[in-house]
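Read the structure below first, then the notes.
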Amino acid sequence: MRIGLTGGIGSGKSTVAAMFVEFGATLVDTDAIARQITLPGGEAIDPIVAAFGPAVLDADGGLDRAAMRAHVFNDAAAKQQLEAILHPMIGIVATRQAAAAKGSVVFDVPLLAESLHWRDRVDRVLVIDCTEATQVARVVLRPGWTEAAARAVVAQQATRAARRACADAVIYNEALTIDALREEVALLCRRWEVTR
């Protein structure tokens with residue numbers, strides 16, 4: 001079973017991903033892959049510098065994620081250019097990780113609803129959903145995040161309706177306790193026959 005897991009920032013998607021691992025699935029985290037390939041010496045660094053210049057690097061030579069985030073949020077063409085560099089590389093690494101896995105694989109893909117190809121790579125799509133107000137309230141609790149920055153990210157992501165439209169299942173994580181959320185995930189693991 002290959003499951004695509006997605007949800008907006010602050011939805012609880014990462015918590016659900018960890019629960020799938022508890023229940024025996026292998027996690028392929030596309031955000032983690034993106035961080036890996038943009039570390040100093042990572043395979044995406046040279047193409048990023050060629051496209052955006054050295055000002056987008058931090059002192060160690062890795063991608064300055066905050067600077068790049070600020071840049072692409074104000075420039076749709078720059079965002080597309082960055083995605084054109086990163087997404088194929090992420091896809092290659094994700095495919096390699098999934099091929100090495102035994103049993104079920106969960107692909108944690110924040111931009112699954114925005115993607116043209118991820119839906120075809122998975123058997124099921126699970127969307128973790130909550131209101132935008134809850135997303136913002138959760139994100140501002142993270143170090144370094146302001147309400148304005150959180151709202152900007154929410155505005156850049158697919159709408160809740162768009163994410164739900166591509167879903168085979170939705171967990172509405174608005175006011176669930178951790179135990180209740182885990183039970184929802186356990187139920188899906190049984191229904192979808194998630195295996196080790």
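How things are named: the first chain in the structure tokens is A, the next is B, and so on; residues count from 1 in each chain; ligands count from 1 in the order shown.
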Which residues, written as JSON, numbers by chain, have at least one atom at most 7 Å from region 61-72 of chain A, with only C-alpha atoms counted and residues fewer than 5 positions away on the same chain left out?
{"A": [38, 39, 40, 45, 56, 78, 79]}
Dump of N, CA, C and O atoms for the selected residues, as a PDB file, in the first residue's frame:
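Listing of part.pdb after writing:
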```pdb
ATOM      1  N   THR A  38      19.351  20.453   0.078  1.00  0.00           N
ATOM      2  CA  THR A  38      19.718  21.879   0.115  1.00  0.00           C
ATOM      3  C   THR A  38      20.682  22.192   1.257  1.00  0.00           C
ATOM      4  O   THR A  38      20.929  23.361   1.565  1.00  0.00           O
ATOM      5  N   LEU A  39      21.234  21.156   1.874  1.00  0.00           N
ATOM      6  CA  LEU A  39      22.310  21.352   2.852  1.00  0.00           C
ATOM      7  C   LEU A  39      23.590  21.736   2.122  1.00  0.00           C
ATOM      8  O   LEU A  39      23.689  21.560   0.893  1.00  0.00           O
ATOM      9  N   PRO A  40      24.601  22.245   2.824  1.00  0.00           N
ATOM     10  CA  PRO A  40      25.880  22.545   2.162  1.00  0.00           C
ATOM     11  C   PRO A  40      26.378  21.322   1.382  1.00  0.00           C
ATOM     12  O   PRO A  40      26.426  20.208   1.911  1.00  0.00           O
ATOM     13  N   ILE A  45      22.128  22.602  -4.486  1.00  0.00           N
ATOM     14  CA  ILE A  45      22.752  23.899  -4.198  1.00  0.00           C
ATOM     15  C   ILE A  45      23.265  24.588  -5.461  1.00  0.00           C
ATOM     16  O   ILE A  45      22.971  25.769  -5.693  1.00  0.00           O
ATOM     17  N   VAL A  56      21.120  33.588  -1.566  1.00  0.00           N
ATOM     18  CA  VAL A  56      20.125  32.691  -0.970  1.00  0.00           C
ATOM     19  C   VAL A  56      20.775  31.608  -0.106  1.00  0.00           C
ATOM     20  O   VAL A  56      20.076  30.739   0.420  1.00  0.00           O
ATOM     21  N   ALA A  78       9.550  33.068  -9.436  1.00  0.00           N
ATOM     22  CA  ALA A  78      10.680  32.529  -8.670  1.00  0.00           C
ATOM     23  C   ALA A  78      10.278  31.239  -7.968  1.00  0.00           C
ATOM     24  O   ALA A  78      11.060  30.281  -7.899  1.00  0.00           O
ATOM     25  N   LYS A  79       9.052  31.204  -7.458  1.00  0.00           N
ATOM     26  CA  LYS A  79       8.567  29.990  -6.802  1.00  0.00           C
ATOM     27  C   LYS A  79       8.530  28.831  -7.784  1.00  0.00           C
ATOM     28  O   LYS A  79       8.972  27.715  -7.479  1.00  0.00           O
TER      29      LYS A  79
END
```
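The residues of region 18-74 of chain A that DSSP classifies as strand (DSSP E or B), using the backbone of this structure, are Thr26, Leu27, Val28, Asp29, Leu57 and Leu63 of chain A.
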Take the residues from that selection and write them out as a compact mmCIF listing (two decimals), in the first residue's frame, keeping N, CA and C atoms.
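Result file follows (selection-v7.txt):
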```txt
# COMPACT_ATOMS: atom_id res chain seq x y z
N THR A 26 6.57 2.58 6.36
CA THR A 26 7.81 3.30 6.12
C THR A 26 7.45 4.71 5.67
N LEU A 27 8.09 5.71 6.26
CA LEU A 27 7.81 7.10 5.91
C LEU A 27 8.83 7.61 4.91
N VAL A 28 8.33 8.21 3.83
CA VAL A 28 9.15 8.96 2.89
C VAL A 28 8.69 10.41 3.00
N ASP A 29 9.54 11.23 3.61
CA ASP A 29 9.19 12.61 3.95
C ASP A 29 9.81 13.56 2.92
N LEU A 57 22.10 31.67 0.05
CA LEU A 57 22.80 30.69 0.87
C LEU A 57 23.06 31.25 2.26
N LEU A 63 21.14 26.21 1.80
CA LEU A 63 20.06 27.13 1.47
C LEU A 63 19.59 27.86 2.72
```
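Closest to Ile171 (chain A) among A:Gly12, A:Gly4, A:Gly53, A:Gly42 is A:Gly12, based on only C-alpha atoms.
Restricting the calculation to only C-alpha atoms, the smallest distance between Gln135 (chain A) and any of A:Ile9, A:Ala32, A:Ala155, A:Ala17 is found for A:Ile9.
For Arg182 (chain A), the non-local neighbours within 10 Å, defined as residues at least 2 positions apart in the same chain or in other chains and counting only C-alpha atoms, are Thr15, Val16, Ala18, Met19, Phe20, Glu22, Phe23, Leu176, Thr177, Ile178, Asp179, Ala180, Glu184, Val185, Ala186, Leu187 and Leu188 of chain A.
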Once you have the residues from the selection above, write them out as an mmCIF file, in the first residue's frame, restricted to C-alpha atoms.
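Final output, saved to again38.cif:
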```cif
data_model
loop_
_atom_site.group_PDB
_atom_site.id
_atom_site.type_symbol
_atom_site.label_atom_id
_atom_site.label_comp_id
_atom_site.auth_asym_id
_atom_site.auth_seq_id
_atom_site.Cartn_x
_atom_site.Cartn_y
_atom_site.Cartn_z
ATOM 1 C CA THR A 15 2.068 13.945 13.842
ATOM 2 C CA VAL A 16 -0.027 11.603 11.708
ATOM 3 C CA ALA A 18 4.792 9.552 12.911
ATOM 4 C CA MET A 19 1.729 7.510 13.883
ATOM 5 C CA PHE A 20 1.808 5.632 10.581
ATOM 6 C CA GLU A 22 4.278 3.446 14.793
ATOM 7 C CA PHE A 23 1.796 1.190 12.996
ATOM 8 C CA LEU A 176 -8.994 15.751 18.421
ATOM 9 C CA THR A 177 -6.882 14.598 21.335
ATOM 10 C CA ILE A 178 -3.670 12.751 20.470
ATOM 11 C CA ASP A 179 -5.331 9.480 21.495
ATOM 12 C CA ALA A 180 -8.377 10.150 19.307
ATOM 13 C CA GLU A 184 -8.357 7.479 13.511
ATOM 14 C CA VAL A 185 -4.975 6.527 12.041
ATOM 15 C CA ALA A 186 -5.207 2.991 13.462
ATOM 16 C CA LEU A 187 -8.639 2.584 11.858
ATOM 17 C CA LEU A 188 -7.287 3.619 8.464
#
```
Which residue gives the smallest distance to Leu116 (chain A) among A:Ala34, A:Val136, A:Ala148, A:Cys166, with only C-alpha atoms counted?
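Of all the options, A:Cys166 lies closest to Leu116 (chain A).
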Excluding Glu114 (chain A) and its own-chain neighbours fewer than 2 positions away, which residues fall within 8 Å of it when counting only C-alpha atoms? Please give them as a list in words.
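Within the cut-off, the hits are Leu111, Leu112, Leu116, Gln157 and Ala158 of chain A.
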Nearest to Lys13 (chain A), chosen from A:Glu183, A:Ile128, A:Arg191, A:Gln156, with only C-alpha atoms counted in the distances
A:Ile128
